[in-house]
There are 2 protein chains.
Amino acid sequence: MRIAIDAMGGDDAPEQIVAGALESVEFLNEGDELILVGPEEAVVAHLPALKLRKGVISVVHAPDVIGMDAVPIESLRKKPRSSIAVLAKLGKTGQADAVISAGNTGACVAAFQMRMRNLPGVVRPGIAVVLPTPEGPVTICDVGANIACKPIHLYQYGAMASVYSKNLLGIEKPRVGLMSIGSEDAKGNEVVKKALELMKSDSDMNLVGNVEGRDIFSGACEVVVTEGFVGNVIIKLAESLVDGLFKAIKYELMEEKLRLAMKFKPVMKRIYTKYDYSEYGGALLLGINGTSIICHGSSQSKMIKNAILASRRFYTEKINDKIVEYLSGTCVRTTDE
Amino acid sequence: MRIAIDAMGGDDAPEQIVAGALESVEFLNEGDELILVGPEEAVVAHLPALKLRKGVISVVHAPDVIGMDAVPIESLRKKPRSSIAVLAKLGKTGQADAVISAGNTGACVAAFQMRMRNLPGVVRPGIAVVLPTPEGPVTICDVGANIACKPIHLYQYGAMASVYSKNLLGIEKPRVGLMSIGSEDAKGNEVVKKALELMKSDSDMNLVGNVEGRDIFSGACEVVVTEGFVGNVIIKLAESLVDGLFKAIKYELMEEKLRLAMKFKPVMKRIYTKYDYSEYGGALLLGINGTSIICHGSSQSKMIKNAILASRRFYTEKINDKIVEYLSGTCVRTTDE
């Protein structure tokens, strides 16, 4: 399997990206290859020559970089030789079986969608993130690819995330919750209400109905379906709140007594692991005809390593085939897009 | 000042509601009165006769109750003698200067808005909640009154929450952030982009621009403006995540060593206080021609006591007059509603 990685994506590229690629090597299978995409000289500077010679890691030259805050479509047009654009091309031509970037999310979504196209039957791809919770992993989709959701998009996010949750997280019949502002069917806006109807009409979906913000970490469901604006706010809030709380506790402990803090360290570490986002290796762009993972801009090497391994599982477990199979078997169709 | 309280609102009514009213008495001023609204017999059963005799607390009979999950408009029509309907009437006729309920939020918003009407210049009321954060209190509006927001509504939420934050929380020039999915102006949906334009055109508003989910608890601003769906998800998620984390820590500590847990207790308590929602006493319905507070359905006596005291501050500081003054002085107008 060939996995292409945007060496220039993220706040700490290329150092952390290349480091993550190197860390992943020992977990790869015989014959797996990593392709680092970026300005050749800059990338090679961070690579031990040995790895290159052994043929596990190669570099594909892409001289330009799209900034984290650049306007997606515009920058892709202006920079066809940027690492993200080249990455998408490798994904399209089959030179890479999976593409990974910690760069500009909007540019990644646009480039992957334009080049690699949607899976048959998928109306709109969505970004899925696995949130670690004390009750187990919760897959939330979409977290920012689509802020103009139609009911059919939400339905398909539920379907795709269910397939993912079942086949990669090992949850036999993942319970699906639709994010709303109350658990009763009548709660929510028109799009949510219509999406609920669609989801109800699919007897294969293990629907629990509407869920609320408080249900995400409480074990109410294993799949949370929401439109991209709300999903984006959710993951950024959850992440910052968990980090902030742990920092606050650390600070208070230091004030109290250093010895107490030391004793408490293993306890905190154990809890923190349950909420550690990097475990699941980035966000999957579900619905794309290919394997694509978008990582956090602040990704460090551990996240990149995990993303590489996650992309391999996604690819070898043929999740896309299973999504196509699910969607071709459901009675829920659309004609409006 | 006369403060009317829905004695039947919330999961633990009337016990906790009446208890909260009693707890607040010692903090009231000479001449202040509390009016408990609910089935007379049930309410009086929880009241010491002494308090009633002294004229501080009276009961207004309302035999019906609107359930927490009832459909708002429908239930108000069917139950004109419900505690929420009677509460709104007291607010309208001036028999009460403030109304407080921990009951069905939708029914409260509908009843208060229909009976008490909007403040002059206000297009749509919004629910504001003060989130305690390590960086100080952050006022977020709207958290569920309005899930079909227009740009002018969002602008006015920023204006009203600023007036509130300045005059009741003592923040001289509260920084206002508009919830979006990226900090750049181009990020967000059409409503958000247009709202940002309106907010920019008001030079009295201390706008920081778009903010993200991660900015709420990080000290990026003191006022967060968002539409009701997103705001509702935010507060429910934040609340549950904070509670969940503290529970997880407690659980892990108990597993570890009881003695360590005991030592750690004061530290946790100190941190918890910074995130304790009940401190600010419920949510304000901003933009209503009156003082109205809607409390969490799970409110205990402390929350009700704090809501009573918060309503007094809101009333005596004439926040509504200041909102009207602000909105009459701004150049941002609307003609579309």
# chains A, B, ... in the order shown; residues from 1 in each chain; ligands from 1

call {"tool": "interface_residues", "arguments": {"of": "chain A", "to": "chain B", "cutoff": "6 Å", "atoms": "only C-alpha atoms", "output": "list of chain:residue names"}}
result
A:Gly213, A:Arg214, A:Val230, A:Val233, A:Lys236, A:Leu237, A:Ser240

call {"tool": "write_last_selection", "arguments": {"atoms": "C-alpha atoms", "output": "mmCIF file, in the first residue's frame"}}
result
data_model
loop_
_atom_site.group_PDB
_atom_site.id
_atom_site.type_symbol
_atom_site.label_atom_id
_atom_site.label_comp_id
_atom_site.auth_asym_id
_atom_site.auth_seq_id
_atom_site.Cartn_x
_atom_site.Cartn_y
_atom_site.Cartn_z
ATOM 1 C CA GLY A 213 -24.912 18.345 23.514
ATOM 2 C CA ARG A 214 -24.856 16.599 26.858
ATOM 3 C CA VAL A 230 -22.274 22.596 14.744
ATOM 4 C CA VAL A 233 -17.904 24.007 17.186
ATOM 5 C CA LYS A 236 -13.082 22.545 19.012
ATOM 6 C CA LEU A 237 -14.984 23.226 22.224
ATOM 7 C CA SER A 240 -10.162 22.988 24.371
#

call {"tool": "residues_around", "arguments": {"residues": "Ser292 in chain B", "least_positions_apart": "4", "cutoff": "8 Å", "atoms": "only C-alpha atoms", "output": "list in words"}}
result
Ala98, Val99, Ile100, Phe112, Leu284, Leu285, Leu286, Ile288 and Ser311 of chain B

call {"tool": "write_last_selection", "arguments": {"atoms": "N, CA and C atoms", "output": "tab-separated table (two decimals), in the first residue's frame"}}
result
chain	number	residue	atom	x	y	z
B	98	ALA	N	-40.31	40.72	38.25
B	98	ALA	CA	-39.43	39.72	37.63
B	98	ALA	C	-40.12	38.38	37.68
B	99	VAL	N	-39.86	37.54	36.66
B	99	VAL	CA	-40.44	36.20	36.65
B	99	VAL	C	-39.31	35.18	36.46
B	100	ILE	N	-39.43	34.07	37.18
B	100	ILE	CA	-38.38	33.05	37.17
B	100	ILE	C	-39.02	31.66	37.04
B	112	PHE	N	-43.58	34.28	27.92
B	112	PHE	CA	-43.04	35.58	28.30
B	112	PHE	C	-43.09	36.53	27.10
B	284	LEU	N	-30.85	34.39	31.30
B	284	LEU	CA	-31.70	35.57	31.15
B	284	LEU	C	-32.34	35.58	29.78
B	285	LEU	N	-33.62	35.88	29.74
B	285	LEU	CA	-34.25	36.08	28.45
B	285	LEU	C	-34.09	37.57	28.12
B	286	LEU	N	-33.09	37.88	27.30
B	286	LEU	CA	-32.78	39.27	26.97
B	286	LEU	C	-33.67	39.76	25.82
B	288	ILE	N	-36.81	40.98	26.36
B	288	ILE	CA	-38.21	40.97	26.80
B	288	ILE	C	-38.47	42.24	27.62
B	311	SER	N	-32.07	38.23	39.35
B	311	SER	CA	-33.20	39.01	38.80
B	311	SER	C	-33.28	40.36	39.49

call {"tool": "calpha_fit_and_write", "arguments": {"fixed": "chain A", "moving": "chain B", "output": "compact mmCIF listing (two decimals) with C-alpha atoms, in the first residue's frame"}}
result
# COMPACT_ATOMS: atom_id res chain seq x y z
CA MET B 1 0.01 -0.02 0.00
CA ARG B 2 1.24 3.49 -0.84
CA ILE B 3 0.41 6.26 1.59
CA ALA B 4 1.07 9.87 0.55
CA ILE B 5 1.57 12.50 3.25
CA ASP B 6 1.55 16.28 2.89
CA ALA B 7 4.94 17.08 4.40
CA MET B 8 4.13 20.81 4.53
CA GLY B 9 0.73 20.64 6.23
CA GLY B 10 0.30 21.90 9.77
CA ASP B 11 1.86 24.32 12.19
CA ASP B 12 4.94 22.19 12.79
CA ALA B 13 5.66 20.99 9.28
CA PRO B 14 7.82 19.58 7.94
CA GLU B 15 9.62 18.47 11.16
CA GLN B 16 6.73 16.79 12.95
CA ILE B 17 5.24 15.35 9.77
CA VAL B 18 8.47 13.68 8.69
CA ALA B 19 9.05 12.52 12.27
CA GLY B 20 5.58 10.95 12.35
CA ALA B 21 6.23 9.17 9.07
CA LEU B 22 9.49 7.77 10.43
CA GLU B 23 7.79 6.65 13.65
CA SER B 24 5.19 4.74 11.68
CA VAL B 25 7.68 2.74 9.64
CA GLU B 26 8.14 -0.06 12.16
CA PHE B 27 4.37 -0.68 12.19
CA LEU B 28 4.02 -0.95 8.42
CA ASN B 29 3.73 -4.18 6.49
CA GLU B 30 6.24 -5.56 4.02
CA GLY B 31 5.81 -3.65 0.77
CA ASP B 32 4.09 -0.61 2.27
CA GLU B 33 5.46 2.70 1.02
CA LEU B 34 5.27 6.24 2.33
CA ILE B 35 5.37 9.17 -0.07
CA LEU B 36 6.22 12.56 1.42
CA VAL B 37 4.89 15.44 -0.67
CA GLY B 38 6.59 18.83 -0.44
CA PRO B 39 9.60 20.89 -1.53
CA GLU B 40 12.17 18.14 -2.06
CA GLU B 41 15.09 19.85 -0.40
CA ALA B 42 13.17 20.86 2.71
CA VAL B 43 11.72 17.39 3.16
CA VAL B 44 14.90 15.44 2.54
CA ALA B 45 16.72 17.62 5.06
CA HIS B 46 14.64 15.95 7.80
CA LEU B 47 15.06 12.41 6.52
CA PRO B 48 17.82 9.97 7.43
CA ALA B 49 19.34 8.86 4.10
CA LEU B 50 19.00 5.25 5.11
CA LYS B 51 15.21 5.30 5.07
CA LEU B 52 15.17 6.77 1.58
CA ARG B 53 17.63 4.19 0.28
CA LYS B 54 15.64 1.32 1.64
CA GLY B 55 12.74 2.41 -0.52
CA VAL B 56 10.23 2.64 2.32
CA ILE B 57 10.00 6.41 2.07
CA SER B 58 10.12 8.47 -1.11
CA VAL B 59 9.64 12.16 -1.79
CA VAL B 60 7.43 13.70 -4.46
CA HIS B 61 8.36 17.28 -5.20
CA ALA B 62 5.75 19.98 -4.65
CA PRO B 63 7.36 23.41 -4.40
CA ASP B 64 4.36 25.42 -3.18
CA VAL B 65 2.51 25.51 0.10
CA ILE B 66 -1.09 26.57 0.79
CA GLY B 67 -1.22 28.55 4.02
CA MET B 68 -3.42 27.43 6.90
CA ASP B 69 -5.66 30.49 6.53
CA ALA B 70 -5.71 30.70 2.71
CA VAL B 71 -9.05 30.73 0.89
CA PRO B 72 -9.40 27.10 -0.30
CA ILE B 73 -10.63 27.18 -3.92
CA GLU B 74 -8.72 30.34 -4.78
CA SER B 75 -5.42 29.03 -3.42
CA LEU B 76 -5.80 25.67 -5.17
CA ARG B 77 -6.30 27.48 -8.46
CA LYS B 78 -3.32 29.72 -7.86
CA LYS B 79 -1.05 26.95 -6.61
CA PRO B 80 -1.45 23.80 -8.72
CA ARG B 81 2.00 22.69 -7.53
CA SER B 82 1.18 23.01 -3.85
CA SER B 83 1.61 19.96 -1.64
CA ILE B 84 -2.17 19.60 -1.18
CA ALA B 85 -2.86 19.82 -4.94
CA VAL B 86 -0.12 17.29 -5.73
CA LEU B 87 -1.38 15.03 -2.93
CA ALA B 88 -4.87 15.02 -4.43
CA LYS B 89 -3.42 14.20 -7.84
CA LEU B 90 -1.54 11.20 -6.45
CA GLY B 91 -4.81 10.04 -4.90
CA LYS B 92 -6.67 10.47 -8.16
CA THR B 93 -4.20 8.65 -10.43
CA GLY B 94 -3.82 5.77 -8.00
CA GLN B 95 -0.15 6.53 -7.36
CA ALA B 96 -1.23 6.73 -3.74
CA ASP B 97 -3.81 4.49 -2.06
CA ALA B 98 -4.27 6.96 0.79
CA VAL B 99 -3.65 10.68 1.25
CA ILE B 100 -2.99 12.45 4.54
CA SER B 101 -2.63 16.14 5.35
CA ALA B 102 -2.52 18.32 8.45
CA GLY B 103 -2.83 21.42 6.26
CA ASN B 104 -5.66 23.80 5.39
CA THR B 105 -8.82 21.73 5.96
CA GLY B 106 -10.95 23.58 3.42
CA ALA B 107 -8.30 23.22 0.74
CA CYS B 108 -7.94 19.49 1.48
CA VAL B 109 -11.69 18.88 1.29
CA ALA B 110 -11.97 20.84 -1.95
CA ALA B 111 -8.90 19.25 -3.58
CA PHE B 112 -9.74 15.67 -2.60
CA GLN B 113 -13.36 16.07 -3.64
CA MET B 114 -12.54 17.68 -6.99
CA ARG B 115 -9.79 15.23 -7.88
CA MET B 116 -10.83 11.97 -6.32
CA ARG B 117 -14.60 12.47 -6.64
CA ASN B 118 -17.34 11.03 -4.47
CA LEU B 119 -18.07 7.35 -3.93
CA PRO B 120 -21.01 6.09 -6.01
CA GLY B 121 -24.24 7.04 -4.25
CA VAL B 122 -22.67 9.62 -1.95
CA VAL B 123 -24.17 13.10 -2.30
CA ARG B 124 -21.69 15.03 -0.17
CA PRO B 125 -18.60 13.88 1.72
CA GLY B 126 -18.34 14.62 5.43
CA ILE B 127 -15.48 14.76 7.88
CA ALA B 128 -15.70 12.18 10.64
CA VAL B 129 -13.77 12.46 13.89
CA VAL B 130 -13.57 9.81 16.59
CA LEU B 131 -13.93 11.35 20.04
CA PRO B 132 -12.48 9.30 22.86
CA THR B 133 -14.98 9.27 25.73
CA PRO B 134 -15.10 7.39 29.04
CA GLU B 135 -17.90 5.30 27.49
CA GLY B 136 -15.84 4.40 24.44
CA PRO B 137 -15.14 5.97 21.05
CA VAL B 138 -17.86 8.16 19.54
CA THR B 139 -17.73 8.95 15.82
CA ILE B 140 -19.05 12.38 14.92
CA CYS B 141 -19.78 13.42 11.33
CA ASP B 142 -19.66 16.12 9.88
CA VAL B 143 -17.25 18.44 11.64
CA GLY B 144 -16.69 21.05 8.98
CA ALA B 145 -16.80 19.86 5.36
CA ASN B 146 -20.41 20.88 4.80
CA ILE B 147 -22.10 23.90 6.38
CA ALA B 148 -25.09 23.85 4.03
CA CYS B 149 -26.46 20.44 4.97
CA LYS B 150 -29.54 18.91 3.40
CA PRO B 151 -31.43 16.10 5.13
CA ILE B 152 -29.99 13.50 2.73
CA HIS B 153 -26.45 14.56 3.63
CA LEU B 154 -27.15 14.06 7.32
CA TYR B 155 -28.72 10.69 6.65
CA GLN B 156 -25.68 9.57 4.67
CA TYR B 157 -23.32 10.82 7.39
CA GLY B 158 -25.14 8.51 9.77
CA ALA B 159 -24.84 5.62 7.34
CA MET B 160 -21.16 6.16 6.56
CA ALA B 161 -20.16 6.75 10.16
CA SER B 162 -22.05 3.60 11.17
CA VAL B 163 -20.14 1.53 8.63
CA TYR B 164 -16.90 3.04 9.89
CA SER B 165 -17.76 2.55 13.56
CA LYS B 166 -18.78 -1.06 13.01
CA ASN B 167 -15.89 -2.14 10.83
CA LEU B 168 -13.01 -0.16 12.26
CA LEU B 169 -13.96 0.41 15.88
CA GLY B 170 -15.57 -3.00 16.28
CA ILE B 171 -18.94 -1.76 17.51
CA GLU B 172 -21.44 -4.33 16.32
CA LYS B 173 -24.55 -2.18 15.99
CA PRO B 174 -23.48 1.41 16.56
CA ARG B 175 -26.29 3.54 17.96
CA VAL B 176 -26.82 6.65 15.87
CA GLY B 177 -27.91 9.97 17.41
CA LEU B 178 -28.94 13.06 15.46
CA MET B 179 -27.68 16.25 17.13
CA SER B 180 -30.56 18.50 18.11
CA ILE B 181 -31.67 20.76 20.96
CA GLY B 182 -33.94 18.25 22.68
CA SER B 183 -34.51 14.51 22.53
CA GLU B 184 -38.13 14.66 21.33
CA ASP B 185 -38.78 14.26 17.60
CA ALA B 186 -40.36 17.71 17.35
CA LYS B 187 -37.16 19.45 18.52
CA GLY B 188 -34.73 21.04 16.08
CA ASN B 189 -34.79 22.96 12.84
CA GLU B 190 -36.43 21.81 9.59
CA VAL B 191 -33.32 20.13 8.18
CA VAL B 192 -32.88 18.11 11.37
CA LYS B 193 -36.54 17.09 11.47
CA LYS B 194 -36.48 15.91 7.86
CA ALA B 195 -33.20 14.10 8.37
CA LEU B 196 -34.74 12.27 11.33
CA GLU B 197 -37.55 11.07 9.05
CA LEU B 198 -35.04 9.74 6.51
CA MET B 199 -33.04 7.99 9.21
CA LYS B 200 -36.18 6.43 10.64
CA SER B 201 -37.08 5.00 7.25
CA ASP B 202 -33.84 3.02 7.17
CA SER B 203 -34.40 -0.07 9.28
CA ASP B 204 -30.72 -1.05 9.04
CA MET B 205 -29.69 2.07 10.94
CA ASN B 206 -29.62 1.63 14.71
CA LEU B 207 -31.18 5.02 15.40
CA VAL B 208 -31.67 6.32 18.93
CA GLY B 209 -33.25 9.55 17.67
CA ASN B 210 -32.36 13.12 18.56
CA VAL B 211 -29.53 13.66 21.00
CA GLU B 212 -28.29 16.80 22.77
CA GLY B 213 -24.89 18.31 23.51
CA ARG B 214 -24.83 16.56 26.87
CA ASP B 215 -25.20 13.13 25.25
CA ILE B 216 -21.92 13.11 23.33
CA PHE B 217 -19.76 12.11 26.29
CA SER B 218 -22.44 10.25 28.24
CA GLY B 219 -22.63 7.01 26.26
CA ALA B 220 -26.00 7.73 24.64
CA CYS B 221 -24.75 6.67 21.20
CA GLU B 222 -21.64 5.68 19.27
CA VAL B 223 -22.35 7.82 16.19
CA VAL B 224 -23.32 11.50 16.32
CA VAL B 225 -24.70 13.05 13.15
CA THR B 226 -24.60 16.82 12.73
CA GLU B 227 -24.08 19.52 10.16
CA GLY B 228 -20.56 20.85 9.74
CA PHE B 229 -20.97 24.17 11.56
CA VAL B 230 -22.28 22.59 14.74
CA GLY B 231 -19.83 19.67 14.49
CA ASN B 232 -16.91 22.02 14.09
CA VAL B 233 -17.90 24.00 17.18
CA ILE B 234 -18.37 20.74 19.11
CA ILE B 235 -14.93 19.28 18.45
CA LYS B 236 -13.08 22.54 19.00
CA LEU B 237 -14.97 23.21 22.21
CA ALA B 238 -14.56 19.67 23.54
CA GLU B 239 -10.88 19.61 22.77
CA SER B 240 -10.16 22.98 24.35
CA LEU B 241 -12.29 22.30 27.39
CA VAL B 242 -10.57 19.01 28.13
CA ASP B 243 -7.15 20.56 27.66
CA GLY B 244 -8.11 23.63 29.69
CA LEU B 245 -9.40 21.58 32.59
CA PHE B 246 -6.30 19.44 32.76
CA LYS B 247 -4.15 22.54 32.68
CA ALA B 248 -6.23 24.11 35.45
CA ILE B 249 -5.84 21.01 37.60
CA LYS B 250 -2.11 20.91 37.00
CA TYR B 251 -1.78 24.57 37.89
CA GLU B 252 -3.78 24.23 41.10
CA LEU B 253 -1.77 21.16 42.07
CA MET B 254 1.51 22.96 41.57
CA GLU B 255 0.26 25.76 43.79
CA GLU B 256 -0.77 23.26 46.43
CA LYS B 257 2.22 21.06 46.84
CA LEU B 258 4.68 19.65 44.39
CA ARG B 259 4.74 16.29 46.14
CA LEU B 260 0.99 15.93 45.88
CA ALA B 261 1.21 16.87 42.22
CA MET B 262 3.73 14.12 41.60
CA LYS B 263 1.53 11.52 43.28
CA PHE B 264 -1.39 12.62 41.24
CA LYS B 265 0.43 12.47 37.92
CA PRO B 266 -0.24 8.81 37.03
CA VAL B 267 -3.92 9.26 37.88
CA MET B 268 -4.23 12.25 35.59
CA LYS B 269 -2.33 10.49 32.86
CA ARG B 270 -4.76 7.59 32.96
CA ILE B 271 -7.75 9.89 32.68
CA TYR B 272 -6.13 12.00 30.01
CA THR B 273 -5.54 8.95 27.85
CA LYS B 274 -9.28 8.40 27.72
CA TYR B 275 -9.74 11.87 26.26
CA ASP B 276 -6.68 11.91 24.03
CA TYR B 277 -7.66 12.90 20.52
CA SER B 278 -4.44 11.90 18.85
CA GLU B 279 -5.14 8.23 19.57
CA TYR B 280 -7.45 7.96 16.60
CA GLY B 281 -5.19 9.70 14.14
CA GLY B 282 -7.06 12.58 12.60
CA ALA B 283 -10.31 13.02 10.76
CA LEU B 284 -11.56 10.86 7.91
CA LEU B 285 -13.10 12.42 4.86
CA LEU B 286 -15.94 9.92 4.41
CA GLY B 287 -17.63 9.59 1.03
CA ILE B 288 -14.55 10.27 -1.10
CA ASN B 289 -13.50 7.68 -3.67
CA GLY B 290 -10.23 7.02 -1.91
CA THR B 291 -8.76 7.01 1.56
CA SER B 292 -8.14 10.49 2.92
CA ILE B 293 -7.34 11.71 6.38
CA ILE B 294 -7.18 15.33 7.49
CA CYS B 295 -5.22 15.99 10.66
CA HIS B 296 -5.33 18.84 13.11
CA GLY B 297 -3.12 21.79 12.20
CA SER B 298 -1.31 21.41 15.51
CA SER B 299 -0.50 17.74 14.84
CA GLN B 300 2.67 16.36 16.33
CA SER B 301 4.48 13.24 15.16
CA LYS B 302 2.31 10.86 17.20
CA MET B 303 -0.83 12.08 15.46
CA ILE B 304 0.77 11.72 12.03
CA LYS B 305 1.96 8.20 12.87
CA ASN B 306 -1.54 7.27 14.04
CA ALA B 307 -3.08 8.81 10.92
CA ILE B 308 -0.82 6.70 8.72
CA LEU B 309 -1.83 3.55 10.59
CA ALA B 310 -5.51 4.57 10.53
CA SER B 311 -5.39 5.09 6.78
CA ARG B 312 -3.98 1.58 6.39
CA ARG B 313 -6.79 0.04 8.42
CA PHE B 314 -9.39 2.04 6.48
CA TYR B 315 -7.90 0.86 3.20
CA THR B 316 -7.29 -2.78 4.02
CA GLU B 317 -10.70 -3.20 5.65
CA LYS B 318 -12.25 -1.87 2.43
CA ILE B 319 -14.47 0.59 4.28
CA ASN B 320 -15.34 2.39 1.07
CA ASP B 321 -16.68 -0.81 -0.52
CA LYS B 322 -18.80 -1.34 2.57
CA ILE B 323 -20.14 2.22 2.42
CA VAL B 324 -21.10 1.79 -1.24
CA GLU B 325 -22.73 -1.54 -0.41
CA TYR B 326 -24.71 0.02 2.45
CA LEU B 327 -25.91 2.98 0.41
CA SER B 328 -26.85 0.84 -2.59
CA GLY B 329 -28.96 -1.34 -0.29
CA THR B 330 -30.92 1.42 1.42
CA CYS B 331 -34.30 2.73 0.33
CA VAL B 332 -33.30 6.31 1.18
CA ARG B 333 -32.60 8.17 -2.05
CA THR B 334 -32.53 11.71 -3.22
CA THR B 335 -33.29 13.41 -6.46
CA ASP B 336 -32.54 16.97 -5.44
CA GLU B 337 -28.79 17.03 -5.91

call {"tool": "select_by_dssp", "arguments": {"residues": "range 142-232 of chain A", "states": "alpha helix (DSSP H)", "output": "number ranges by chain"}}
result
A: 151-168, 190-200, 228-232

call {"tool": "write_last_selection", "arguments": {"atoms": "N, CA and C atoms", "output": "tab-separated table (two decimals), in the first residue's frame"}}
result
chain	number	residue	atom	x	y	z
A	151	PRO	N	-31.09	17.29	4.36
A	151	PRO	CA	-31.42	16.08	5.13
A	151	PRO	C	-30.72	14.83	4.61
A	152	ILE	N	-30.62	14.68	3.29
A	152	ILE	CA	-29.98	13.48	2.74
A	152	ILE	C	-28.51	13.40	3.12
A	153	HIS	N	-27.85	14.57	3.21
A	153	HIS	CA	-26.44	14.56	3.63
A	153	HIS	C	-26.34	13.99	5.05
A	154	LEU	N	-27.19	14.50	5.93
A	154	LEU	CA	-27.14	14.06	7.33
A	154	LEU	C	-27.42	12.56	7.42
A	155	TYR	N	-28.42	12.11	6.67
A	155	TYR	CA	-28.72	10.68	6.67
A	155	TYR	C	-27.48	9.88	6.26
A	156	GLN	N	-26.85	10.31	5.17
A	156	GLN	CA	-25.68	9.56	4.68
A	156	GLN	C	-24.50	9.64	5.66
A	157	TYR	N	-24.38	10.74	6.38
A	157	TYR	CA	-23.32	10.82	7.40
A	157	TYR	C	-23.54	9.74	8.46
A	158	GLY	N	-24.82	9.56	8.82
A	158	GLY	CA	-25.15	8.52	9.80
A	158	GLY	C	-24.80	7.13	9.26
A	159	ALA	N	-25.11	6.93	7.99
A	159	ALA	CA	-24.85	5.62	7.37
A	159	ALA	C	-23.34	5.37	7.28
A	160	MET	N	-22.60	6.35	6.77
A	160	MET	CA	-21.16	6.17	6.57
A	160	MET	C	-20.43	6.01	7.91
A	161	ALA	N	-20.82	6.83	8.88
A	161	ALA	CA	-20.15	6.75	10.19
A	161	ALA	C	-20.49	5.43	10.88
A	162	SER	N	-21.69	4.90	10.63
A	162	SER	CA	-22.05	3.60	11.20
A	162	SER	C	-21.16	2.51	10.63
A	163	VAL	N	-20.98	2.54	9.31
A	163	VAL	CA	-20.13	1.54	8.66
A	163	VAL	C	-18.72	1.62	9.23
A	164	TYR	N	-18.23	2.85	9.39
A	164	TYR	CA	-16.90	3.07	9.93
A	164	TYR	C	-16.80	2.53	11.37
A	165	SER	N	-17.76	2.93	12.19
A	165	SER	CA	-17.76	2.56	13.61
A	165	SER	C	-17.81	1.05	13.78
A	166	LYS	N	-18.63	0.41	12.96
A	166	LYS	CA	-18.78	-1.05	13.05
A	166	LYS	C	-17.49	-1.76	12.62
A	167	ASN	N	-16.97	-1.36	11.48
A	167	ASN	CA	-15.88	-2.13	10.88
A	167	ASN	C	-14.49	-1.75	11.36
A	168	LEU	N	-14.34	-0.52	11.84
A	168	LEU	CA	-13.00	-0.15	12.31
A	168	LEU	C	-12.91	-0.01	13.82
A	190	GLU	N	-35.76	22.61	10.61
A	190	GLU	CA	-36.43	21.81	9.58
A	190	GLU	C	-35.52	20.73	8.98
A	191	VAL	N	-34.26	21.09	8.77
A	191	VAL	CA	-33.32	20.13	8.18
A	191	VAL	C	-33.17	18.92	9.10
A	192	VAL	N	-33.03	19.19	10.38
A	192	VAL	CA	-32.87	18.11	11.36
A	192	VAL	C	-34.13	17.24	11.40
A	193	LYS	N	-35.28	17.87	11.39
A	193	LYS	CA	-36.53	17.10	11.46
A	193	LYS	C	-36.69	16.18	10.25
A	194	LYS	N	-36.35	16.73	9.07
A	194	LYS	CA	-36.48	15.91	7.86
A	194	LYS	C	-35.42	14.79	7.84
A	195	ALA	N	-34.23	15.11	8.32
A	195	ALA	CA	-33.18	14.09	8.38
A	195	ALA	C	-33.62	12.95	9.30
A	196	LEU	N	-34.28	13.30	10.40
A	196	LEU	CA	-34.74	12.27	11.34
A	196	LEU	C	-35.72	11.33	10.64
A	197	GLU	N	-36.59	11.90	9.82
A	197	GLU	CA	-37.54	11.08	9.06
A	197	GLU	C	-36.80	10.09	8.16
A	198	LEU	N	-35.81	10.60	7.43
A	198	LEU	CA	-35.03	9.73	6.54
A	198	LEU	C	-34.36	8.62	7.32
A	199	MET	N	-33.77	8.98	8.44
A	199	MET	CA	-33.04	8.00	9.24
A	199	MET	C	-33.99	6.93	9.78
A	200	LYS	N	-35.18	7.37	10.16
A	200	LYS	CA	-36.18	6.43	10.67
A	200	LYS	C	-36.61	5.44	9.61
A	228	GLY	N	-21.95	20.50	9.53
A	228	GLY	CA	-20.56	20.86	9.74
A	228	GLY	C	-20.29	22.03	10.67
A	229	PHE	N	-21.17	23.01	10.69
A	229	PHE	CA	-20.96	24.17	11.56
A	229	PHE	C	-21.02	23.73	13.02
A	230	VAL	N	-22.09	23.06	13.36
A	230	VAL	CA	-22.27	22.60	14.74
A	230	VAL	C	-21.17	21.60	15.12
A	231	GLY	N	-20.87	20.68	14.22
A	231	GLY	CA	-19.85	19.67	14.49
A	231	GLY	C	-18.48	20.30	14.72
A	232	ASN	N	-18.19	21.34	13.95
A	232	ASN	CA	-16.91	22.03	14.09
A	232	ASN	C	-16.81	22.70	15.45

call {"tool": "select_by_dssp", "arguments": {"residues": "range 68-119 of chain B", "states": "strand (DSSP E)", "output": "list in words"}}
result
Ala98, Val99, Ile100 and Ser101 of chain B
